[in-house]
Each structure stands twice: as structure tokens, then as C-alpha cells.
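Next comes my_file-v8.cif, with mmCIF, N, CA and C atoms.
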```
data_work
loop_
_atom_site.label_atom_id
_atom_site.label_comp_id
_atom_site.auth_asym_id
_atom_site.auth_seq_id
_atom_site.Cartn_x
_atom_site.Cartn_y
_atom_site.Cartn_z
N MET I 7 -45.01 -32.51 -30.52
CA MET I 7 -43.66 -33.02 -30.38
C MET I 7 -42.66 -32.05 -30.99
N HIS I 8 -43.03 -31.47 -32.13
CA HIS I 8 -42.14 -30.53 -32.79
C HIS I 8 -41.87 -29.30 -31.91
N LEU I 9 -42.90 -28.80 -31.20
CA LEU I 9 -42.75 -27.66 -30.32
C LEU I 9 -41.80 -28.00 -29.18
N TYR I 10 -41.94 -29.17 -28.61
CA TYR I 10 -41.07 -29.61 -27.52
C TYR I 10 -39.63 -29.67 -28.00
N SER I 11 -39.41 -30.17 -29.19
CA SER I 11 -38.07 -30.30 -29.76
C SER I 11 -37.43 -28.92 -29.94
N ASN I 12 -38.21 -27.95 -30.43
CA ASN I 12 -37.69 -26.59 -30.62
C ASN I 12 -37.34 -25.94 -29.28
N ASN I 13 -38.19 -26.11 -28.27
CA ASN I 13 -37.91 -25.55 -26.95
C ASN I 13 -36.65 -26.17 -26.36
N LEU I 14 -36.49 -27.47 -26.52
CA LEU I 14 -35.31 -28.15 -26.01
C LEU I 14 -34.06 -27.63 -26.71
N LYS I 15 -34.14 -27.46 -28.03
CA LYS I 15 -32.99 -26.93 -28.79
C LYS I 15 -32.64 -25.52 -28.32
N GLN I 16 -33.66 -24.68 -28.13
CA GLN I 16 -33.41 -23.32 -27.68
C GLN I 16 -32.79 -23.30 -26.29
N THR I 17 -33.26 -24.15 -25.41
CA THR I 17 -32.73 -24.21 -24.05
C THR I 17 -31.28 -24.67 -24.07
N LEU I 18 -30.98 -25.71 -24.85
CA LEU I 18 -29.61 -26.21 -24.94
C LEU I 18 -28.69 -25.15 -25.54
N LEU I 19 -29.16 -24.44 -26.56
CA LEU I 19 -28.36 -23.39 -27.17
C LEU I 19 -28.08 -22.28 -26.15
N PHE I 20 -29.08 -21.90 -25.40
CA PHE I 20 -28.92 -20.86 -24.39
C PHE I 20 -27.88 -21.29 -23.35
N LEU I 21 -27.98 -22.53 -22.88
CA LEU I 21 -27.03 -23.03 -21.89
C LEU I 21 -25.61 -23.07 -22.46
N ALA I 22 -25.49 -23.46 -23.71
CA ALA I 22 -24.16 -23.50 -24.34
C ALA I 22 -23.57 -22.10 -24.45
N LEU I 23 -24.41 -21.12 -24.81
CA LEU I 23 -23.93 -19.75 -24.91
C LEU I 23 -23.51 -19.20 -23.55
N CYS I 24 -24.29 -19.53 -22.54
CA CYS I 24 -23.94 -19.07 -21.18
C CYS I 24 -22.62 -19.69 -20.74
N ASN I 25 -22.44 -20.95 -21.01
CA ASN I 25 -21.21 -21.64 -20.64
C ASN I 25 -20.02 -21.03 -21.38
N SER I 26 -20.22 -20.71 -22.66
CA SER I 26 -19.15 -20.08 -23.44
C SER I 26 -18.78 -18.73 -22.85
N ALA I 27 -19.76 -17.98 -22.42
CA ALA I 27 -19.48 -16.66 -21.85
C ALA I 27 -18.62 -16.79 -20.61
N PHE I 28 -18.88 -17.79 -19.79
CA PHE I 28 -18.08 -17.99 -18.58
C PHE I 28 -16.65 -18.40 -18.94
N VAL I 29 -16.51 -19.26 -19.94
CA VAL I 29 -15.18 -19.71 -20.33
C VAL I 29 -14.39 -18.55 -20.93
N ILE I 30 -15.03 -17.79 -21.82
CA ILE I 30 -14.36 -16.66 -22.45
C ILE I 30 -14.00 -15.61 -21.41
N GLY I 31 -14.89 -15.37 -20.47
CA GLY I 31 -14.67 -14.37 -19.44
C GLY I 31 -13.64 -14.81 -18.42
N GLY I 32 -13.27 -16.08 -18.43
CA GLY I 32 -12.25 -16.58 -17.52
C GLY I 32 -12.71 -16.71 -16.09
N CYS I 33 -14.00 -16.89 -15.88
CA CYS I 33 -14.47 -17.06 -14.51
C CYS I 33 -15.36 -18.28 -14.43
N SER I 34 -15.38 -18.85 -13.29
CA SER I 34 -16.23 -20.02 -13.09
C SER I 34 -17.54 -19.57 -12.49
N LEU I 35 -18.52 -20.47 -12.52
CA LEU I 35 -19.82 -20.16 -11.96
C LEU I 35 -19.71 -19.89 -10.47
N SER I 36 -18.86 -20.62 -9.76
CA SER I 36 -18.74 -20.41 -8.33
C SER I 36 -18.11 -19.04 -8.03
N ASP I 37 -17.15 -18.60 -8.86
CA ASP I 37 -16.59 -17.27 -8.67
C ASP I 37 -17.65 -16.19 -8.89
N SER I 38 -18.46 -16.39 -9.93
CA SER I 38 -19.49 -15.41 -10.24
C SER I 38 -20.52 -15.33 -9.14
N SER I 39 -20.94 -16.49 -8.64
CA SER I 39 -21.98 -16.45 -7.61
C SER I 39 -21.45 -15.81 -6.34
N GLY I 40 -20.18 -15.98 -6.05
CA GLY I 40 -19.60 -15.33 -4.88
C GLY I 40 -19.64 -13.83 -5.01
N SER I 41 -19.28 -13.31 -6.18
CA SER I 41 -19.28 -11.87 -6.35
C SER I 41 -20.69 -11.31 -6.38
N ILE I 42 -21.64 -12.09 -6.91
CA ILE I 42 -23.03 -11.65 -6.88
C ILE I 42 -23.51 -11.58 -5.44
N SER I 43 -23.17 -12.60 -4.67
CA SER I 43 -23.56 -12.63 -3.26
C SER I 43 -22.96 -11.44 -2.52
N ASP I 44 -21.68 -11.15 -2.76
CA ASP I 44 -21.03 -10.02 -2.11
C ASP I 44 -21.72 -8.70 -2.49
N SER I 45 -22.04 -8.56 -3.78
CA SER I 45 -22.70 -7.34 -4.23
C SER I 45 -24.06 -7.17 -3.59
N THR I 46 -24.80 -8.28 -3.52
CA THR I 46 -26.13 -8.23 -2.93
C THR I 46 -26.06 -7.82 -1.48
N SER I 47 -25.14 -8.40 -0.72
CA SER I 47 -25.07 -8.06 0.70
C SER I 47 -24.64 -6.61 0.90
N SER I 48 -23.80 -6.09 0.02
CA SER I 48 -23.40 -4.70 0.20
C SER I 48 -24.55 -3.76 -0.16
N ILE I 49 -25.37 -4.15 -1.13
CA ILE I 49 -26.52 -3.33 -1.49
C ILE I 49 -27.52 -3.32 -0.34
N ILE I 50 -27.76 -4.48 0.25
CA ILE I 50 -28.73 -4.58 1.33
C ILE I 50 -28.27 -3.79 2.55
N SER I 51 -26.97 -3.83 2.84
CA SER I 51 -26.49 -3.17 4.05
C SER I 51 -26.20 -1.69 3.87
N SER I 52 -26.19 -1.20 2.64
CA SER I 52 -25.84 0.19 2.40
C SER I 52 -27.09 1.05 2.26
N PRO I 53 -27.31 1.98 3.19
CA PRO I 53 -28.49 2.83 3.09
C PRO I 53 -28.47 3.74 1.87
N SER I 54 -27.29 4.05 1.35
CA SER I 54 -27.23 4.93 0.19
C SER I 54 -27.69 4.24 -1.07
N SER I 55 -27.79 2.90 -1.03
CA SER I 55 -28.21 2.19 -2.22
C SER I 55 -29.72 2.04 -2.30
N VAL I 56 -30.44 2.54 -1.31
CA VAL I 56 -31.89 2.44 -1.32
C VAL I 56 -32.42 3.33 -2.43
N SER I 57 -33.31 2.77 -3.24
CA SER I 57 -33.82 3.52 -4.39
C SER I 57 -34.71 4.67 -3.94
N GLY I 58 -34.88 5.63 -4.82
CA GLY I 58 -35.74 6.76 -4.54
C GLY I 58 -37.17 6.32 -4.25
N LYS I 59 -37.61 5.27 -4.94
CA LYS I 59 -38.96 4.77 -4.73
C LYS I 59 -39.12 4.25 -3.31
N SER I 60 -38.11 3.51 -2.80
CA SER I 60 -38.26 2.96 -1.46
C SER I 60 -38.06 4.03 -0.39
N LYS I 61 -37.35 5.11 -0.72
CA LYS I 61 -37.25 6.23 0.21
C LYS I 61 -38.57 6.98 0.27
N LYS I 62 -39.31 6.94 -0.82
CA LYS I 62 -40.58 7.63 -0.90
C LYS I 62 -41.63 6.93 -0.03
N TYR I 63 -41.52 5.63 0.13
CA TYR I 63 -42.52 4.85 0.85
C TYR I 63 -42.78 5.34 2.28
N PRO I 64 -41.73 5.52 3.12
CA PRO I 64 -42.02 6.01 4.48
C PRO I 64 -42.67 7.39 4.49
N ASN I 65 -42.34 8.22 3.53
CA ASN I 65 -42.95 9.55 3.44
C ASN I 65 -44.43 9.45 3.07
N GLU I 66 -44.75 8.52 2.16
CA GLU I 66 -46.15 8.27 1.81
C GLU I 66 -46.92 7.79 3.04
N VAL I 67 -46.31 6.88 3.80
CA VAL I 67 -46.94 6.36 5.02
C VAL I 67 -47.12 7.49 6.03
N ALA I 68 -46.12 8.35 6.16
CA ALA I 68 -46.21 9.47 7.10
C ALA I 68 -47.36 10.41 6.73
N ASP I 69 -47.46 10.76 5.47
CA ASP I 69 -48.52 11.66 5.02
C ASP I 69 -49.90 11.03 5.24
N TYR I 70 -50.01 9.75 4.94
CA TYR I 70 -51.27 9.03 5.13
C TYR I 70 -51.63 8.99 6.62
N THR I 71 -50.65 8.67 7.46
CA THR I 71 -50.89 8.59 8.89
C THR I 71 -51.35 9.93 9.44
N MET I 72 -50.67 11.00 9.04
CA MET I 72 -51.04 12.33 9.50
C MET I 72 -52.49 12.64 9.10
N ALA I 73 -52.82 12.41 7.84
CA ALA I 73 -54.18 12.70 7.36
C ALA I 73 -55.21 11.83 8.08
N TYR I 74 -54.88 10.58 8.28
CA TYR I 74 -55.80 9.67 8.96
C TYR I 74 -56.06 10.12 10.39
N VAL I 75 -54.99 10.43 11.11
CA VAL I 75 -55.12 10.83 12.51
C VAL I 75 -55.91 12.13 12.62
N LYS I 76 -55.63 13.09 11.76
CA LYS I 76 -56.31 14.38 11.83
C LYS I 76 -57.79 14.26 11.48
N SER I 77 -58.15 13.27 10.66
CA SER I 77 -59.54 13.16 10.23
C SER I 77 -60.33 12.10 11.00
N SER I 78 -59.66 11.33 11.86
CA SER I 78 -60.36 10.23 12.54
C SER I 78 -60.92 10.67 13.89
N GLN I 79 -61.86 9.92 14.34
CA GLN I 79 -62.49 10.15 15.65
C GLN I 79 -61.68 9.42 16.72
N PRO I 80 -61.92 9.70 17.98
CA PRO I 80 -61.20 9.01 19.05
C PRO I 80 -61.35 7.48 18.99
N ASP I 81 -62.49 7.01 18.50
CA ASP I 81 -62.68 5.56 18.37
C ASP I 81 -62.34 5.12 16.94
N ALA I 82 -61.11 5.44 16.52
CA ALA I 82 -60.64 5.21 15.15
C ALA I 82 -60.77 3.74 14.76
N ASP I 83 -61.07 3.52 13.49
CA ASP I 83 -61.16 2.18 12.94
C ASP I 83 -59.77 1.79 12.41
N TYR I 84 -59.05 1.01 13.19
CA TYR I 84 -57.68 0.67 12.84
C TYR I 84 -57.62 -0.26 11.63
N ASN I 85 -58.69 -1.02 11.38
CA ASN I 85 -58.70 -1.88 10.20
C ASN I 85 -58.70 -1.07 8.92
N SER I 86 -59.41 0.05 8.90
CA SER I 86 -59.40 0.89 7.70
C SER I 86 -58.03 1.55 7.53
N PHE I 87 -57.39 1.89 8.65
CA PHE I 87 -56.03 2.43 8.58
C PHE I 87 -55.08 1.41 7.97
N LEU I 88 -55.16 0.18 8.44
CA LEU I 88 -54.30 -0.89 7.92
C LEU I 88 -54.57 -1.15 6.44
N LYS I 89 -55.82 -1.07 6.03
CA LYS I 89 -56.16 -1.24 4.61
C LYS I 89 -55.50 -0.15 3.78
N GLY I 90 -55.51 1.07 4.28
CA GLY I 90 -54.85 2.17 3.57
C GLY I 90 -53.35 1.96 3.46
N LEU I 91 -52.73 1.45 4.54
CA LEU I 91 -51.29 1.14 4.49
C LEU I 91 -51.01 0.08 3.45
N SER I 92 -51.86 -0.92 3.40
CA SER I 92 -51.71 -1.99 2.42
C SER I 92 -51.77 -1.45 0.99
N ASP I 93 -52.69 -0.53 0.76
CA ASP I 93 -52.82 0.09 -0.56
C ASP I 93 -51.57 0.89 -0.94
N ILE I 94 -51.03 1.65 0.01
CA ILE I 94 -49.81 2.42 -0.24
C ILE I 94 -48.66 1.49 -0.55
N ALA I 95 -48.51 0.44 0.24
CA ALA I 95 -47.43 -0.52 0.04
C ALA I 95 -47.53 -1.15 -1.35
N ALA I 96 -48.72 -1.54 -1.74
CA ALA I 96 -48.91 -2.15 -3.05
C ALA I 96 -48.53 -1.18 -4.16
N LYS I 97 -48.95 0.07 -4.01
CA LYS I 97 -48.63 1.10 -5.01
C LYS I 97 -47.12 1.32 -5.12
N GLU I 98 -46.42 1.24 -3.99
CA GLU I 98 -44.98 1.47 -3.97
C GLU I 98 -44.16 0.20 -4.20
N GLY I 99 -44.84 -0.92 -4.40
CA GLY I 99 -44.14 -2.17 -4.65
C GLY I 99 -43.50 -2.78 -3.41
N VAL I 100 -44.02 -2.44 -2.25
CA VAL I 100 -43.48 -2.95 -0.98
C VAL I 100 -44.26 -4.22 -0.61
N THR I 101 -43.54 -5.31 -0.49
CA THR I 101 -44.17 -6.55 -0.08
C THR I 101 -43.90 -6.77 1.40
N ASN I 102 -44.78 -7.49 2.04
CA ASN I 102 -44.65 -7.79 3.47
C ASN I 102 -44.53 -6.52 4.30
N TRP I 103 -45.35 -5.53 3.99
CA TRP I 103 -45.28 -4.23 4.65
C TRP I 103 -45.52 -4.33 6.16
N GLU I 104 -46.26 -5.37 6.58
CA GLU I 104 -46.55 -5.52 8.01
C GLU I 104 -45.28 -5.76 8.82
N GLN I 105 -44.23 -6.27 8.17
CA GLN I 105 -42.97 -6.55 8.86
C GLN I 105 -41.87 -5.57 8.45
N ASP I 106 -42.20 -4.60 7.60
CA ASP I 106 -41.20 -3.66 7.07
C ASP I 106 -41.00 -2.50 8.06
N THR I 107 -39.78 -2.35 8.53
CA THR I 107 -39.44 -1.28 9.48
C THR I 107 -39.86 0.09 8.97
N ARG I 108 -39.72 0.31 7.65
CA ARG I 108 -40.05 1.62 7.07
C ARG I 108 -41.51 1.98 7.27
N THR I 109 -42.38 0.98 7.33
CA THR I 109 -43.80 1.24 7.56
C THR I 109 -43.99 1.94 8.91
N TYR I 110 -43.35 1.41 9.93
CA TYR I 110 -43.56 1.92 11.28
C TYR I 110 -42.79 3.21 11.53
N ILE I 111 -41.65 3.36 10.88
CA ILE I 111 -40.95 4.65 10.94
C ILE I 111 -41.82 5.73 10.30
N GLY I 112 -42.45 5.40 9.18
CA GLY I 112 -43.36 6.34 8.53
C GLY I 112 -44.55 6.69 9.41
N ILE I 113 -45.08 5.70 10.11
CA ILE I 113 -46.19 5.96 11.03
C ILE I 113 -45.75 6.94 12.11
N GLY I 114 -44.57 6.71 12.67
CA GLY I 114 -44.05 7.61 13.70
C GLY I 114 -43.89 9.03 13.18
N LYS I 115 -43.36 9.16 11.97
CA LYS I 115 -43.20 10.49 11.37
C LYS I 115 -44.56 11.16 11.18
N GLY I 116 -45.54 10.36 10.77
CA GLY I 116 -46.88 10.90 10.56
C GLY I 116 -47.53 11.36 11.86
N LEU I 117 -47.31 10.59 12.93
CA LEU I 117 -47.86 11.00 14.23
C LEU I 117 -47.22 12.31 14.69
N LYS I 118 -45.93 12.46 14.41
CA LYS I 118 -45.23 13.71 14.77
C LYS I 118 -45.79 14.88 13.95
N LYS I 119 -45.97 14.65 12.63
CA LYS I 119 -46.49 15.69 11.75
C LYS I 119 -47.90 16.11 12.17
N ALA I 120 -48.65 15.17 12.74
CA ALA I 120 -50.01 15.46 13.18
C ALA I 120 -50.04 16.08 14.58
N ASN I 121 -48.84 16.28 15.15
CA ASN I 121 -48.72 16.87 16.49
C ASN I 121 -49.43 16.05 17.57
N VAL I 122 -49.38 14.73 17.42
CA VAL I 122 -49.98 13.86 18.42
C VAL I 122 -48.97 13.69 19.55
N GLU I 123 -49.44 13.87 20.79
CA GLU I 123 -48.53 13.79 21.94
C GLU I 123 -49.22 13.05 23.09
N GLY I 124 -48.42 12.73 24.09
CA GLY I 124 -48.94 12.19 25.35
C GLY I 124 -49.69 10.89 25.21
N THR I 125 -50.81 10.81 25.92
CA THR I 125 -51.61 9.58 25.95
C THR I 125 -52.13 9.22 24.57
N ALA I 126 -52.53 10.22 23.80
CA ALA I 126 -53.03 9.95 22.44
C ALA I 126 -51.93 9.29 21.60
N TYR I 127 -50.70 9.83 21.71
CA TYR I 127 -49.58 9.25 20.97
C TYR I 127 -49.36 7.80 21.39
N GLU I 128 -49.31 7.55 22.69
CA GLU I 128 -49.07 6.19 23.19
C GLU I 128 -50.17 5.23 22.73
N THR I 129 -51.41 5.72 22.69
CA THR I 129 -52.53 4.88 22.26
C THR I 129 -52.40 4.54 20.78
N TYR I 130 -52.14 5.55 19.95
CA TYR I 130 -51.95 5.29 18.52
C TYR I 130 -50.76 4.35 18.30
N LYS I 131 -49.67 4.62 18.97
CA LYS I 131 -48.46 3.81 18.80
C LYS I 131 -48.76 2.34 19.12
N THR I 132 -49.40 2.11 20.23
CA THR I 132 -49.71 0.73 20.63
C THR I 132 -50.68 0.07 19.66
N ASN I 133 -51.70 0.80 19.25
CA ASN I 133 -52.70 0.23 18.34
C ASN I 133 -52.14 0.00 16.94
N PHE I 134 -51.39 0.98 16.41
CA PHE I 134 -50.84 0.82 15.07
C PHE I 134 -49.81 -0.30 15.02
N ALA I 135 -49.08 -0.49 16.10
CA ALA I 135 -48.07 -1.56 16.17
C ALA I 135 -48.69 -2.88 16.62
N GLN I 136 -49.96 -2.85 16.93
CA GLN I 136 -50.69 -4.03 17.40
C GLN I 136 -49.98 -4.68 18.59
N GLY I 137 -49.43 -3.82 19.47
CA GLY I 137 -48.79 -4.28 20.69
C GLY I 137 -47.41 -4.86 20.52
N ASP I 138 -46.87 -4.88 19.30
CA ASP I 138 -45.55 -5.45 19.02
C ASP I 138 -44.46 -4.45 19.46
N SER I 139 -43.61 -4.87 20.40
CA SER I 139 -42.62 -3.94 20.96
C SER I 139 -41.61 -3.45 19.92
N LYS I 140 -41.20 -4.29 18.98
CA LYS I 140 -40.25 -3.87 17.94
C LYS I 140 -40.88 -2.81 17.04
N LYS I 141 -42.12 -3.04 16.67
CA LYS I 141 -42.83 -2.07 15.83
C LYS I 141 -43.03 -0.75 16.58
N MET I 142 -43.30 -0.84 17.89
CA MET I 142 -43.46 0.39 18.68
C MET I 142 -42.13 1.14 18.75
N GLU I 143 -41.01 0.44 18.83
CA GLU I 143 -39.69 1.09 18.80
C GLU I 143 -39.48 1.81 17.47
N ASP I 144 -39.88 1.15 16.36
CA ASP I 144 -39.73 1.77 15.04
C ASP I 144 -40.60 3.02 14.93
N ILE I 145 -41.81 2.96 15.47
CA ILE I 145 -42.68 4.13 15.47
C ILE I 145 -42.02 5.25 16.27
N GLN I 146 -41.47 4.90 17.42
CA GLN I 146 -40.79 5.90 18.25
C GLN I 146 -39.60 6.51 17.50
N ASP I 147 -38.83 5.66 16.81
CA ASP I 147 -37.68 6.16 16.02
C ASP I 147 -38.15 7.15 14.96
N GLY I 148 -39.26 6.83 14.28
CA GLY I 148 -39.78 7.74 13.28
C GLY I 148 -40.28 9.04 13.88
N TYR I 149 -40.91 8.93 15.04
CA TYR I 149 -41.44 10.09 15.75
C TYR I 149 -40.30 11.03 16.16
N GLU I 150 -39.19 10.46 16.58
CA GLU I 150 -38.08 11.27 17.07
C GLU I 150 -37.11 11.71 15.98
N SER I 151 -37.26 11.18 14.76
CA SER I 151 -36.31 11.54 13.71
C SER I 151 -36.57 12.96 13.22
N ASP I 152 -35.52 13.58 12.72
CA ASP I 152 -35.61 14.97 12.25
C ASP I 152 -35.92 15.05 10.75
N LYS I 153 -35.92 13.92 10.10
CA LYS I 153 -36.07 13.90 8.63
C LYS I 153 -37.51 13.84 8.23
#
```
Now, as a test, write the supplied structure out as C-alpha cells.
Amino acid sequence: MHLYSNNLKQTLLFLALCNSAFVIGGCSLSDSSGSISDSTSSIISSPSSVSGKSKKYPNEVADYTMAYVKSSQPDADYNSFLKGLSDIAAKEGVTNWEQDTRTYIGIGKGLKKANVEGTAYETYKTNFAQGDSKKMEDIQDGYESDK
């Protein structure tokens, strides 16, 4: 019971201090949340705000894709490729990599670096995107990019 009482006191004190900060600062919670929302949307929509770590992710994917393609046989095991992508994403802190555009742009860059062309390129693109047209477009964008 004593522990519960101390936690409750600490929580109430924290809330009181937060409320005081808003009053002293002359802003209301609704004003603050609006500006936070505005800041968040500008960060999300601004490519220059992307961190160096997240810029590194597509390059890691590209290097992995190139190495995988150059070392794989014509009957490549796409599940092992996907496992490698998952490992890279986890290392880079990327969640939901299967739906992340940067994953497929990186794959496209890697296919270009590996000099994959023609039917082989189309086969890899279709298989790596698992037939998803949006993902295939992202792979194509990565393949055609100069960066």
C-alpha cells in the first residue's frame, strides 16, 4: 500500500508540474498539440529531414541485393533473400520493411549495380516484389535513379 501511495504522489506531482509549465508558458494543451502535429507532418513530408541512418538503409539494401544476385544461382531462394532484408531492416531500426518504399528502391539500385538487365531483371523485379505492382514501380524507380 505504501508503494502505491508513493507512485500516486509522484504521478500527481508530475501532472501538477506539467500543468504549471503550460500555464507559465502561456499556452494551452490544445495549442501545443496543434504545433506538435504541424511539426510532425512537416518532418514526415520533408525529405531533407530524413536521418542519416534512414538514408543509409536503401544503400544497405542495394549492396545486399547486388551481392545476393551476383552470388545466387538462376533458381535463387527468394526466402533467404527476404530473410537477409529482414536482418538489415532490424539492424537499421526499420519496422514494417515489407511495406517500406525504401526497401524496394534499394532493391532496384542493387539490381542496377549488379548489371542485371532484360528478362533476368524483370524476373528478379517480379519475384522480389512478390508480384505487387507498387513494389515493382519502386524497384523500377530505384533501378532508374542516378543516386
Next on the checklist: (-53.9, 12.6, 8.8) in this file's frame - what residues fall within 12 Å of it? Use only C-alpha atoms and give the answer as a list in words.
Outcome noted: Glu66, Val67, Ala68, Asp69, Tyr70, Thr71, Met72, Ala73, Tyr74, Val75, Lys76, Ser77, Ser78, Gln79, Ala82, Phe87, Gly90, Ile113, Lys115, Gly116, Leu117, Lys118, Lys119, Ala120, Asn121 and Val122 of chain I
Item to check | Evaluate the PyMOL selection byres ((chain I and resi 129-140) around 8) and report residues as a PyMOL selection string | outcome: chain I and resi 84+88+107+110+113-114+123-128+141-146
Around all the atoms of segment 73-78 of chain I listed in the file, with 6 Å of room on each side, what axis-aligned box do you get, giving centre and edge lengths in Å to one decimal, as JSON?
```
{"center_x": -56.9, "center_y": 12.0, "center_z": 10.6, "size_x": 20.1, "size_y": 16.7, "size_z": 18.5}
```
Next on the checklist: Quick check, in Å to one decimal: how far apart do atom C of Glu104 of chain I and atom N of Asp152 of chain I lie?
Outcome noted: 22.0 Å
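We find atom CA of Gly99 of chain I and atom CA of Gly112 of chain I to be spaced 15.7 Å apart.
Going from atom N of Tyr149 of chain I over to atom C of Arg108 of chain I, you cover 10.4 Å.
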Checklist entry - In segment 58-126 of chain I, what's helix (DSSP H, G or I) per DSSP? Answer as a ChimeraX atom specification? => result /I:58-77,84-98,103-105,107-119,124-126
